[in-house]
>>> print(open('data-v2.cif').read())   # mmCIF, C-alpha atoms (C1' of nucleotides)
data_work
#
loop_
_atom_site.label_atom_id
_atom_site.label_comp_id
_atom_site.auth_asym_id
_atom_site.auth_seq_id
_atom_site.Cartn_x
_atom_site.Cartn_y
_atom_site.Cartn_z
CA MET A 1 -11.55 -2.71 -12.27
CA ASN A 2 -10.64 -6.01 -10.70
CA THR A 3 -9.43 -6.52 -7.18
CA GLU A 4 -5.71 -6.93 -7.85
CA GLU A 5 -5.71 -3.76 -9.89
CA LEU A 6 -7.25 -1.84 -6.98
CA ASP A 7 -4.64 -3.41 -4.70
CA ARG A 8 -1.89 -2.07 -6.92
CA VAL A 9 -3.44 1.39 -7.29
CA PHE A 10 -3.83 1.93 -3.55
CA GLY A 11 -0.43 0.37 -2.98
CA ALA A 12 1.13 2.80 -5.44
CA LEU A 13 -0.53 5.70 -3.64
CA SER A 14 0.83 4.58 -0.27
CA ASP A 15 4.20 6.26 -0.77
CA ALA A 16 4.81 10.00 -0.53
CA THR A 17 7.42 10.02 -3.28
CA ARG A 18 5.03 8.40 -5.73
CA ARG A 19 2.17 10.71 -4.73
CA GLY A 20 4.54 13.61 -5.27
CA MET A 21 5.42 12.33 -8.72
CA LEU A 22 1.74 12.09 -9.62
CA ALA A 23 1.16 15.60 -8.29
CA GLN A 24 4.03 16.85 -10.41
CA LEU A 25 2.56 15.09 -13.43
CA ALA A 26 -0.62 17.09 -12.93
CA GLN A 27 1.30 19.94 -14.55
CA GLY A 28 1.97 17.92 -17.65
CA GLU A 29 4.22 15.14 -18.85
CA THR A 30 7.94 15.16 -18.06
CA ASN A 31 10.88 12.83 -18.27
CA VAL A 32 12.21 10.52 -15.59
CA SER A 33 15.03 12.84 -14.48
CA ALA A 34 12.71 15.75 -13.86
CA LEU A 35 10.42 13.51 -11.81
CA ALA A 36 13.33 12.25 -9.73
CA ALA A 37 14.92 15.69 -9.19
CA PRO A 38 12.82 16.89 -6.21
CA TYR A 39 13.73 13.83 -4.13
CA ALA A 40 16.95 12.90 -2.41
CA ILE A 41 16.99 9.46 -3.95
CA SER A 42 19.16 7.70 -6.49
CA GLN A 43 18.13 7.40 -10.11
CA PRO A 44 17.39 3.65 -9.86
CA ALA A 45 15.15 4.33 -6.86
CA ALA A 46 13.14 6.75 -8.97
CA SER A 47 12.88 4.20 -11.77
CA LYS A 48 11.54 1.67 -9.29
CA HIS A 49 8.86 4.09 -8.11
CA LEU A 50 7.83 4.68 -11.70
CA ARG A 51 7.68 0.95 -12.27
CA VAL A 52 5.27 0.61 -9.34
CA LEU A 53 3.11 3.41 -10.76
CA GLU A 54 3.23 1.80 -14.19
CA ARG A 55 2.24 -1.66 -12.94
CA ALA A 56 -0.72 0.01 -11.23
CA GLY A 57 -1.74 1.46 -14.59
CA LEU A 58 -1.41 5.00 -13.22
CA ILE A 59 1.20 6.21 -15.68
CA GLU A 60 2.36 5.51 -19.21
CA LYS A 61 5.81 6.10 -20.62
CA THR A 62 6.86 6.99 -24.14
CA ARG A 63 10.47 6.93 -25.21
CA ARG A 64 11.60 9.92 -27.24
CA GLY A 65 15.24 9.49 -28.07
CA ARG A 66 17.12 8.78 -24.90
CA GLU A 67 14.44 10.32 -22.74
CA GLN A 68 11.36 8.64 -21.39
CA TYR A 69 8.29 10.84 -21.12
CA VAL A 70 5.79 10.04 -18.43
CA ARG A 71 2.11 10.95 -18.21
CA VAL A 72 -0.79 10.13 -15.91
CA VAL A 73 -3.54 7.73 -16.95
CA PRO A 74 -6.53 9.07 -15.03
CA GLY A 75 -8.83 6.05 -15.27
CA PRO A 76 -7.53 3.89 -12.40
CA LEU A 77 -7.38 6.88 -10.08
CA ASP A 78 -10.99 7.68 -10.80
CA GLU A 79 -11.93 4.15 -9.89
CA ALA A 80 -9.92 4.23 -6.67
CA GLY A 81 -11.57 7.53 -5.79
CA GLY A 82 -14.90 5.99 -6.68
CA TRP A 83 -14.33 3.07 -4.33
CA ILE A 84 -13.69 5.42 -1.43
CA ALA A 85 -16.57 7.73 -2.32
CA HIS A 86 -19.00 4.83 -2.58
CA TYR A 87 -18.31 3.46 0.88
CA ALA A 88 -17.63 6.85 2.46
CA ALA A 89 -21.33 7.54 2.07
CA PHE A 90 -22.23 4.51 4.20
CA TRP A 91 -19.54 5.11 6.77
CA ARG A 92 -20.43 8.74 7.12
CA HIS A 93 -24.08 7.86 7.45
CA GLN A 94 -23.32 5.34 10.15
CA PHE A 95 -21.08 7.80 11.93
CA ASP A 96 -23.81 10.44 11.86
CA ALA A 97 -26.30 7.91 13.18
CA VAL A 98 -24.05 7.21 16.15
CA GLU A 99 -23.57 10.92 16.72
CA ALA A 100 -27.32 11.43 16.62
CA TYR A 101 -27.86 8.56 19.02
CA LEU A 102 -25.33 9.96 21.44
CA ALA A 103 -26.95 13.39 21.21
CA THR A 104 -30.35 11.88 21.92
CA ALA A 105 -29.02 9.86 24.84
CA LYS A 106 -27.48 12.99 26.26
CA GLU A 107 -30.79 14.79 25.83
CA GLN A 108 -32.66 11.96 27.60
CA LYS A 109 -30.29 12.18 30.48
CA ARG A 110 -31.00 15.84 31.04
CA MET B 1 -3.46 14.84 7.67
CA ASN B 2 0.28 14.40 7.51
CA THR B 3 2.16 12.41 4.94
CA GLU B 4 2.85 9.26 6.96
CA GLU B 5 -0.80 9.05 7.89
CA LEU B 6 -1.79 9.18 4.20
CA ASP B 7 0.84 6.50 3.53
CA ARG B 8 -0.79 4.26 6.09
CA VAL B 9 -4.34 4.93 4.88
CA PHE B 10 -3.58 4.10 1.26
CA GLY B 11 -1.45 1.17 2.40
CA ALA B 12 -4.34 -0.17 4.46
CA LEU B 13 -6.64 0.12 1.42
CA SER B 14 -4.22 -1.82 -0.79
CA ASP B 15 -5.47 -5.20 0.38
CA ALA B 16 -8.76 -6.79 -0.69
CA THR B 17 -9.38 -8.42 2.68
CA ARG B 18 -9.08 -5.09 4.48
CA ARG B 19 -11.27 -3.32 1.92
CA GLY B 20 -13.82 -6.08 2.41
CA MET B 21 -13.72 -5.58 6.15
CA LEU B 22 -14.33 -1.87 5.74
CA ALA B 23 -17.17 -2.59 3.36
CA GLN B 24 -18.70 -4.95 5.90
CA LEU B 25 -18.35 -2.28 8.57
CA ALA B 26 -20.48 0.01 6.43
CA GLN B 27 -23.41 -2.02 7.75
CA GLY B 28 -22.53 -1.24 11.34
CA GLU B 29 -20.08 -2.29 13.98
CA THR B 30 -19.30 -5.96 14.58
CA ASN B 31 -16.80 -8.04 16.46
CA VAL B 32 -13.53 -9.46 15.20
CA SER B 33 -14.88 -12.95 14.53
CA ALA B 34 -17.69 -11.69 12.34
CA LEU B 35 -15.21 -9.62 10.35
CA ALA B 36 -12.91 -12.59 9.87
CA ALA B 37 -15.66 -15.07 8.98
CA PRO B 38 -16.02 -14.28 5.24
CA TYR B 39 -12.34 -14.97 4.57
CA ALA B 40 -10.41 -18.21 4.45
CA ILE B 41 -7.77 -16.95 6.82
CA SER B 42 -6.73 -17.76 10.36
CA GLN B 43 -7.86 -15.69 13.29
CA PRO B 44 -4.42 -14.18 13.87
CA ALA B 45 -4.29 -13.12 10.22
CA ALA B 46 -7.56 -11.26 10.69
CA SER B 47 -6.20 -9.59 13.82
CA LYS B 48 -3.19 -8.42 11.84
CA HIS B 49 -5.39 -6.88 9.17
CA LEU B 50 -7.34 -5.05 11.83
CA ARG B 51 -4.13 -3.81 13.36
CA VAL B 52 -3.11 -2.33 10.00
CA LEU B 53 -6.51 -0.64 9.71
CA GLU B 54 -6.20 0.62 13.26
CA ARG B 55 -2.70 2.03 12.78
CA ALA B 56 -4.06 3.89 9.75
CA GLY B 57 -6.73 5.43 11.97
CA LEU B 58 -9.48 3.85 9.86
CA ILE B 59 -11.11 1.85 12.64
CA GLU B 60 -11.53 1.93 16.38
CA LYS B 61 -12.09 -0.98 18.69
CA THR B 62 -14.02 -1.18 21.93
CA ARG B 63 -13.85 -4.19 24.17
CA ARG B 64 -17.18 -5.39 25.54
CA GLY B 65 -16.60 -8.43 27.68
CA ARG B 66 -14.51 -10.87 25.71
CA GLU B 67 -15.56 -9.41 22.39
CA GLN B 68 -13.95 -6.55 20.58
CA TYR B 69 -16.32 -4.32 18.64
CA VAL B 70 -14.97 -2.57 15.60
CA ARG B 71 -16.27 0.54 13.84
CA VAL B 72 -15.09 2.77 11.00
CA VAL B 73 -13.63 6.21 11.65
CA PRO B 74 -14.61 8.10 8.50
CA GLY B 75 -12.21 11.04 8.76
CA PRO B 76 -9.03 9.54 7.30
CA LEU B 77 -10.95 8.01 4.42
CA ASP B 78 -12.45 11.35 3.56
CA GLU B 79 -8.99 12.82 3.45
CA ALA B 80 -7.65 10.03 1.25
CA GLY B 81 -10.62 10.51 -1.07
CA GLY B 82 -9.98 14.21 -1.00
CA TRP B 83 -6.37 13.76 -2.06
CA ILE B 84 -7.44 11.74 -5.09
CA ALA B 85 -10.28 14.09 -5.96
CA HIS B 86 -8.03 17.14 -5.75
CA TYR B 87 -5.46 15.86 -8.21
CA ALA B 88 -7.95 13.96 -10.34
CA ALA B 89 -9.22 17.30 -11.54
CA PHE B 90 -5.79 18.25 -12.86
CA TRP B 91 -5.08 14.87 -14.34
CA ARG B 92 -8.43 14.69 -16.04
CA HIS B 93 -8.00 18.19 -17.38
CA GLN B 94 -4.60 17.34 -18.76
CA PHE B 95 -5.93 14.14 -20.26
CA ASP B 96 -8.76 16.03 -21.95
CA ALA B 97 -6.27 18.59 -23.27
CA VAL B 98 -4.24 15.83 -24.90
CA GLU B 99 -7.41 14.31 -26.33
CA ALA B 100 -8.41 17.68 -27.73
CA TYR B 101 -4.96 18.20 -29.19
CA LEU B 102 -5.03 14.83 -30.88
CA ALA B 103 -8.49 15.54 -32.24
CA THR B 104 -7.28 18.88 -33.62
CA ALA B 105 -4.18 17.30 -35.12
CA LYS B 106 -6.35 14.69 -36.78
CA GLU B 107 -8.58 17.43 -38.12
CA GLN B 108 -5.60 19.37 -39.48
CA LYS B 109 -4.43 16.26 -41.30
CA ARG B 110 -7.74 15.88 -43.13
"C1'" DA C 1 -14.59 -25.49 39.01
"C1'" DG C 2 -13.82 -26.67 34.54
"C1'" DT C 3 -14.58 -25.90 29.68
"C1'" DA C 4 -15.39 -23.13 25.74
"C1'" DT C 5 -15.05 -18.77 23.32
"C1'" DT C 6 -12.83 -14.45 21.87
"C1'" DC C 7 -8.91 -12.26 20.90
"C1'" DA C 8 -3.85 -11.02 21.06
"C1'" DT C 9 0.93 -12.12 20.70
"C1'" DA C 10 5.11 -14.62 19.56
"C1'" DG C 11 7.80 -16.89 16.29
"C1'" DC C 12 8.52 -18.51 11.69
"C1'" DC C 13 8.43 -18.23 6.47
"C1'" DA C 14 7.93 -16.12 1.82
"C1'" DT C 15 7.38 -12.08 -0.89
"C1'" DA C 16 7.21 -7.03 -1.84
"C1'" DT C 17 9.11 -2.25 -0.86
"C1'" DG C 18 12.51 1.10 -0.75
"C1'" DG C 19 16.94 2.03 -0.68
"C1'" DT C 20 21.81 1.48 -2.19
"C1'" DT C 21 26.01 0.75 -5.70
"C1'" DA C 22 27.68 -1.08 -9.94
"C1'" DT C 23 27.00 -1.87 -14.62
"C1'" DA C 24 24.85 -2.07 -19.26
"C1'" DT C 25 22.54 0.17 -23.26
"C1'" DA C 26 21.07 3.71 -26.14
"C1'" DT C 27 21.26 8.35 -27.67
"C1'" DT C 28 23.14 12.81 -28.11
"C1'" DT C 29 26.89 16.03 -28.20
"C1'" DG C 30 31.58 17.74 -29.02
"C1'" DC D 1 34.86 8.58 -32.82
"C1'" DA D 2 34.84 9.78 -27.93
"C1'" DA D 3 32.48 11.56 -24.08
"C1'" DA D 4 28.43 12.74 -21.72
"C1'" DT D 5 23.50 11.93 -20.71
"C1'" DA D 6 19.22 9.26 -19.80
"C1'" DT D 7 17.49 5.25 -18.27
"C1'" DA D 8 17.17 0.31 -17.04
"C1'" DT D 9 18.71 -3.77 -14.74
"C1'" DA D 10 21.19 -6.68 -11.45
"C1'" DA D 11 22.52 -7.71 -6.93
"C1'" DC D 12 22.34 -6.73 -2.29
"C1'" DC D 13 20.28 -5.14 2.35
"C1'" DA D 14 16.63 -3.88 5.78
"C1'" DT D 15 11.89 -3.60 6.86
"C1'" DA D 16 6.84 -4.41 6.23
"C1'" DT D 17 3.01 -7.62 4.69
"C1'" DG D 18 0.47 -11.65 4.78
"C1'" DG D 19 0.19 -16.04 5.95
"C1'" DC D 20 0.73 -19.97 9.29
"C1'" DT D 21 0.85 -22.63 14.08
"C1'" DA D 22 1.23 -22.49 18.94
"C1'" DT D 23 0.18 -20.38 23.04
"C1'" DG D 24 -1.54 -17.02 26.53
"C1'" DA D 25 -5.16 -14.27 28.84
"C1'" DA D 26 -9.62 -12.89 29.72
"C1'" DT D 27 -14.46 -13.64 29.80
"C1'" DA D 28 -18.60 -16.52 29.56
"C1'" DC D 29 -21.08 -20.89 29.90
"C1'" DT D 30 -22.49 -25.35 32.09
#
>>> encode(input="data-v2.cif", output="structure tokens")
Amino acid sequence: MNTEELDRVFGALSDATRRGMLAQLAQGETNVSALAAPYAISQPAASKHLRVLERAGLIEKTRRGREQYVRVVPGPLDEAGGWIAHYAAFWRHQFDAVEAYLATAKEQKR
Amino acid sequence: MNTEELDRVFGALSDATRRGMLAQLAQGETNVSALAAPYAISQPAASKHLRVLERAGLIEKTRRGREQYVRVVPGPLDEAGGWIAHYAAFWRHQFDAVEAYLATAKEQKR
DNA sequence: AGTATTCATAGCCATATGGTTATATATTTG
DNA sequence: CAAATATATAACCATATGGCTATGAATACT
């Protein structure tokens, strides 16, 4: 995954409404109205959120008659999760090292 | 972690410069100048990026003399990773179910 | 003391988000 | 065919980002 794609994926995840839509889509595909229903927002606002999710490659839409069915594309999310997991190991390690150092220093002091 | 905090964490991760800074911080704490050095941006721009990371709770700064030392706070990242991992299971499952269905449908057709 | 370094803040600009209302288009229903 | 439904798009507004230059404040160096 290239950099701009990661930008868009994390950007798409930075809004509670869009995260909620993705969570709802974990239960299976639905149409745009059903995705918009839980939120106190206008229909165009919901469409905009879906456009952000779509540009991030996180969802795909299929038109069936007048309805648009939406489903999650798991790939980009896996990669975003992978990015975090990869560095989290280093950060956690470093954090633990500092903790250990502080514990040792405290011990020395005693 | 509350919703706005998750918003800010994912928002902070949605920029390549900030992700790069976090990656650099995996090797240990450094000062602001060292973090800014790899990027062709002005010093105030770097400070802004760090402010975004700080407001997201991803870093902490300690002033030592005229220098400001920056280090990663791993907690919020773990939670962001956890959010993705939690739903990824559902999404992946659903994706596999669709795959399986399509495979079955294809089989039926033969 | 005077200069250089490190960093933050203020002020400005362009673009993206997140929301709105109004309107257009396509499909389904009566 | 007419009306209702589902969705998209346009146009507008406010706020946040991401960048810049200019400047201020604190610390360190000579």
>>> residues_around(input="data-v2.cif", residues="Gly75 (chain A)", least_positions_apart="3", cutoff="10 Å", atoms="all atoms listed in the file", output="VMD selection string")
(chain A and resid 1 57 to 58 72 78 to 81) or (chain B and resid 88 91 to 92 95)
>>> interface_residues(input="data-v2.cif", of="chain A", to="chain D", cutoff="9 Å", atoms="only C-alpha atoms (C1' of nucleotides)", output="count of residues only")
8
>>> residues_around(input="data-v2.cif", residues="Met21 (chain B)", least_positions_apart="3", cutoff="12 Å", atoms="only C-alpha atoms (C1' of nucleotides)", output="VMD selection string")
(chain A and resid 87) or (chain B and resid 12 to 13 15 to 18 24 to 39 46 to 47 49 to 50 52 to 53 58 to 59 70 to 72)
>>> interface_residues(input="data-v2.cif", of="chain C", to="chain B", cutoff="9 Å", atoms="all atoms listed in the file", output="VMD selection string")
chain C and resid 5 to 9
>>> calpha_fit_and_write(input="data-v2.cif", fixed="chain B", moving="chain A", output="PDB file with C-alpha atoms, keeping the file's coordinate frame")
ATOM      1  CA  MET A   1      -3.438  14.885   7.665  1.00  0.00           C
ATOM      2  CA  ASN A   2       0.297  14.418   7.545  1.00  0.00           C
ATOM      3  CA  THR A   3       2.190  12.419   4.989  1.00  0.00           C
ATOM      4  CA  GLU A   4       2.848   9.271   7.018  1.00  0.00           C
ATOM      5  CA  GLU A   5      -0.808   9.064   7.915  1.00  0.00           C
ATOM      6  CA  LEU A   6      -1.760   9.176   4.226  1.00  0.00           C
ATOM      7  CA  ASP A   7       0.866   6.501   3.574  1.00  0.00           C
ATOM      8  CA  ARG A   8      -0.780   4.258   6.133  1.00  0.00           C
ATOM      9  CA  VAL A   9      -4.325   4.934   4.913  1.00  0.00           C
ATOM     10  CA  PHE A  10      -3.546   4.090   1.291  1.00  0.00           C
ATOM     11  CA  GLY A  11      -1.429   1.171   2.437  1.00  0.00           C
ATOM     12  CA  ALA A  12      -4.333  -0.175   4.473  1.00  0.00           C
ATOM     13  CA  LEU A  13      -6.603   0.122   1.446  1.00  0.00           C
ATOM     14  CA  SER A  14      -4.179  -1.821  -0.748  1.00  0.00           C
ATOM     15  CA  ASP A  15      -5.440  -5.215   0.401  1.00  0.00           C
ATOM     16  CA  ALA A  16      -8.725  -6.781  -0.680  1.00  0.00           C
ATOM     17  CA  THR A  17      -9.359  -8.414   2.683  1.00  0.00           C
ATOM     18  CA  ARG A  18      -9.068  -5.098   4.487  1.00  0.00           C
ATOM     19  CA  ARG A  19     -11.244  -3.315   1.918  1.00  0.00           C
ATOM     20  CA  GLY A  20     -13.786  -6.077   2.396  1.00  0.00           C
ATOM     21  CA  MET A  21     -13.709  -5.584   6.147  1.00  0.00           C
ATOM     22  CA  LEU A  22     -14.320  -1.862   5.717  1.00  0.00           C
ATOM     23  CA  ALA A  23     -17.171  -2.583   3.313  1.00  0.00           C
ATOM     24  CA  GLN A  24     -18.681  -4.943   5.851  1.00  0.00           C
ATOM     25  CA  LEU A  25     -18.335  -2.280   8.527  1.00  0.00           C
ATOM     26  CA  ALA A  26     -20.448   0.020   6.380  1.00  0.00           C
ATOM     27  CA  GLN A  27     -23.391  -2.004   7.674  1.00  0.00           C
ATOM     28  CA  GLY A  28     -22.534  -1.233  11.254  1.00  0.00           C
ATOM     29  CA  GLU A  29     -20.080  -2.277  13.921  1.00  0.00           C
ATOM     30  CA  THR A  30     -19.299  -5.950  14.527  1.00  0.00           C
ATOM     31  CA  ASN A  31     -16.811  -8.028  16.426  1.00  0.00           C
ATOM     32  CA  VAL A  32     -13.537  -9.448  15.181  1.00  0.00           C
ATOM     33  CA  SER A  33     -14.893 -12.954  14.518  1.00  0.00           C
ATOM     34  CA  ALA A  34     -17.685 -11.711  12.304  1.00  0.00           C
ATOM     35  CA  LEU A  35     -15.204  -9.620  10.320  1.00  0.00           C
ATOM     36  CA  ALA A  36     -12.894 -12.593   9.863  1.00  0.00           C
ATOM     37  CA  ALA A  37     -15.659 -15.077   8.948  1.00  0.00           C
ATOM     38  CA  PRO A  38     -15.999 -14.286   5.208  1.00  0.00           C
ATOM     39  CA  TYR A  39     -12.304 -14.960   4.565  1.00  0.00           C
ATOM     40  CA  ALA A  40     -10.384 -18.198   4.441  1.00  0.00           C
ATOM     41  CA  ILE A  41      -7.748 -16.936   6.821  1.00  0.00           C
ATOM     42  CA  SER A  42      -6.724 -17.777  10.357  1.00  0.00           C
ATOM     43  CA  GLN A  43      -7.879 -15.714  13.301  1.00  0.00           C
ATOM     44  CA  PRO A  44      -4.428 -14.165  13.903  1.00  0.00           C
ATOM     45  CA  ALA A  45      -4.300 -13.121  10.246  1.00  0.00           C
ATOM     46  CA  ALA A  46      -7.567 -11.262  10.712  1.00  0.00           C
ATOM     47  CA  SER A  47      -6.244  -9.583  13.849  1.00  0.00           C
ATOM     48  CA  LYS A  48      -3.210  -8.422  11.902  1.00  0.00           C
ATOM     49  CA  HIS A  49      -5.399  -6.884   9.205  1.00  0.00           C
ATOM     50  CA  LEU A  50      -7.366  -5.052  11.864  1.00  0.00           C
ATOM     51  CA  ARG A  51      -4.143  -3.819  13.398  1.00  0.00           C
ATOM     52  CA  VAL A  52      -3.121  -2.342  10.039  1.00  0.00           C
ATOM     53  CA  LEU A  53      -6.515  -0.637   9.728  1.00  0.00           C
ATOM     54  CA  GLU A  54      -6.232   0.635  13.288  1.00  0.00           C
ATOM     55  CA  ARG A  55      -2.727   2.057  12.828  1.00  0.00           C
ATOM     56  CA  ALA A  56      -4.074   3.890   9.778  1.00  0.00           C
ATOM     57  CA  GLY A  57      -6.752   5.432  11.987  1.00  0.00           C
ATOM     58  CA  LEU A  58      -9.489   3.852   9.860  1.00  0.00           C
ATOM     59  CA  ILE A  59     -11.120   1.839  12.620  1.00  0.00           C
ATOM     60  CA  GLU A  60     -11.568   1.950  16.373  1.00  0.00           C
ATOM     61  CA  LYS A  61     -12.135  -0.985  18.675  1.00  0.00           C
ATOM     62  CA  THR A  62     -14.065  -1.172  21.919  1.00  0.00           C
ATOM     63  CA  ARG A  63     -13.887  -4.190  24.164  1.00  0.00           C
ATOM     64  CA  ARG A  64     -17.216  -5.401  25.503  1.00  0.00           C
ATOM     65  CA  GLY A  65     -16.607  -8.424  27.652  1.00  0.00           C
ATOM     66  CA  ARG A  66     -14.561 -10.893  25.701  1.00  0.00           C
ATOM     67  CA  GLU A  67     -15.588  -9.416  22.387  1.00  0.00           C
ATOM     68  CA  GLN A  68     -13.984  -6.533  20.585  1.00  0.00           C
ATOM     69  CA  TYR A  69     -16.348  -4.320  18.623  1.00  0.00           C
ATOM     70  CA  VAL A  70     -14.999  -2.577  15.579  1.00  0.00           C
ATOM     71  CA  ARG A  71     -16.274   0.537  13.820  1.00  0.00           C
ATOM     72  CA  VAL A  72     -15.101   2.767  10.986  1.00  0.00           C
ATOM     73  CA  VAL A  73     -13.636   6.208  11.635  1.00  0.00           C
ATOM     74  CA  PRO A  74     -14.607   8.090   8.483  1.00  0.00           C
ATOM     75  CA  GLY A  75     -12.222  11.040   8.758  1.00  0.00           C
ATOM     76  CA  PRO A  76      -9.024   9.556   7.290  1.00  0.00           C
ATOM     77  CA  LEU A  77     -10.940   8.007   4.413  1.00  0.00           C
ATOM     78  CA  ASP A  78     -12.438  11.353   3.547  1.00  0.00           C
ATOM     79  CA  GLU A  79      -8.983  12.843   3.427  1.00  0.00           C
ATOM     80  CA  ALA A  80      -7.631  10.043   1.250  1.00  0.00           C
ATOM     81  CA  GLY A  81     -10.596  10.493  -1.071  1.00  0.00           C
ATOM     82  CA  GLY A  82      -9.954  14.213  -1.010  1.00  0.00           C
ATOM     83  CA  TRP A  83      -6.340  13.742  -2.054  1.00  0.00           C
ATOM     84  CA  ILE A  84      -7.389  11.734  -5.088  1.00  0.00           C
ATOM     85  CA  ALA A  85     -10.242  14.076  -5.982  1.00  0.00           C
ATOM     86  CA  HIS A  86      -7.993  17.123  -5.770  1.00  0.00           C
ATOM     87  CA  TYR A  87      -5.399  15.836  -8.207  1.00  0.00           C
ATOM     88  CA  ALA A  88      -7.874  13.909 -10.354  1.00  0.00           C
ATOM     89  CA  ALA A  89      -9.166  17.271 -11.514  1.00  0.00           C
ATOM     90  CA  PHE A  90      -5.733  18.251 -12.850  1.00  0.00           C
ATOM     91  CA  TRP A  91      -4.998  14.877 -14.359  1.00  0.00           C
ATOM     92  CA  ARG A  92      -8.352  14.694 -16.036  1.00  0.00           C
ATOM     93  CA  HIS A  93      -7.929  18.196 -17.364  1.00  0.00           C
ATOM     94  CA  GLN A  94      -4.533  17.350 -18.768  1.00  0.00           C
ATOM     95  CA  PHE A  95      -5.861  14.154 -20.273  1.00  0.00           C
ATOM     96  CA  ASP A  96      -8.705  16.041 -21.939  1.00  0.00           C
ATOM     97  CA  ALA A  97      -6.244  18.598 -23.260  1.00  0.00           C
ATOM     98  CA  VAL A  98      -4.227  15.842 -24.905  1.00  0.00           C
ATOM     99  CA  GLU A  99      -7.385  14.309 -26.317  1.00  0.00           C
ATOM    100  CA  ALA A 100      -8.414  17.679 -27.700  1.00  0.00           C
ATOM    101  CA  TYR A 101      -4.983  18.208 -29.195  1.00  0.00           C
ATOM    102  CA  LEU A 102      -5.063  14.826 -30.859  1.00  0.00           C
ATOM    103  CA  ALA A 103      -8.540  15.534 -32.220  1.00  0.00           C
ATOM    104  CA  THR A 104      -7.365  18.853 -33.616  1.00  0.00           C
ATOM    105  CA  ALA A 105      -4.274  17.292 -35.159  1.00  0.00           C
ATOM    106  CA  LYS A 106      -6.446  14.680 -36.784  1.00  0.00           C
ATOM    107  CA  GLU A 107      -8.723  17.415 -38.092  1.00  0.00           C
ATOM    108  CA  GLN A 108      -5.738  19.345 -39.508  1.00  0.00           C
ATOM    109  CA  LYS A 109      -4.586  16.274 -41.296  1.00  0.00           C
ATOM    110  CA  ARG A 110      -7.868  15.857 -43.105  1.00  0.00           C
TER     111      ARG A 110
END
>>> closest_residue(input="data-v2.cif", among="B:Gln108, B:Ala85, B:Arg63, B:Asp96", to="chain A", atoms="only C-alpha atoms")
B:Ala85
>>> atom_distance(input="data-v2.cif", atom1="CA of Glu5 (chain A)", atom2="CA of Ala56 (chain A)")
6.4 Å
>>> closest_residue(input="data-v2.cif", among="B:Arg51, B:Ala45, B:Thr104, B:Gly82", to="chain A", atoms="all atoms listed in the file")
B:Gly82
>>> atom_distance(input="data-v2.cif", atom1="CA of Asn2 (chain A)", atom2="CA of Val73 (chain B)")
25.6 Å
>>> atom_distance(input="data-v2.cif", atom1="CA of Ala89 (chain A)", atom2="CA of Leu6 (chain A)")
19.2 Å
>>> closest_residue(input="data-v2.cif", among="A:Phe10, A:Tyr69, A:Thr62, A:Glu4", to="chain B", atoms="only C-alpha atoms")
A:Phe10
>>> closest_residue(input="data-v2.cif", among="A:Arg8, A:Lys61, A:Arg55, A:His86", to="chain B", atoms="only C-alpha atoms")
A:Arg8
>>> closest_residue(input="data-v2.cif", among="A:Pro74, A:Arg64, A:Gly20, A:Ile41", to="chain B", atoms="only C-alpha atoms")
A:Pro74
>>> closest_residue(input="data-v2.cif", among="A:Ser14, A:Pro76, A:His93, A:Glu54", to="chain B", atoms="all atoms listed in the file")
A:Ser14
>>> axis_aligned_box(input="data-v2.cif", around="region 22-27 of chain C", padding_each_side="6 Å", output="lines of an AutoDock Vina configuration file")
center_x = 24.4
center_y = 3.1
center_z = -18.8
size_x = 18.6
size_y = 22.4
size_z = 29.7
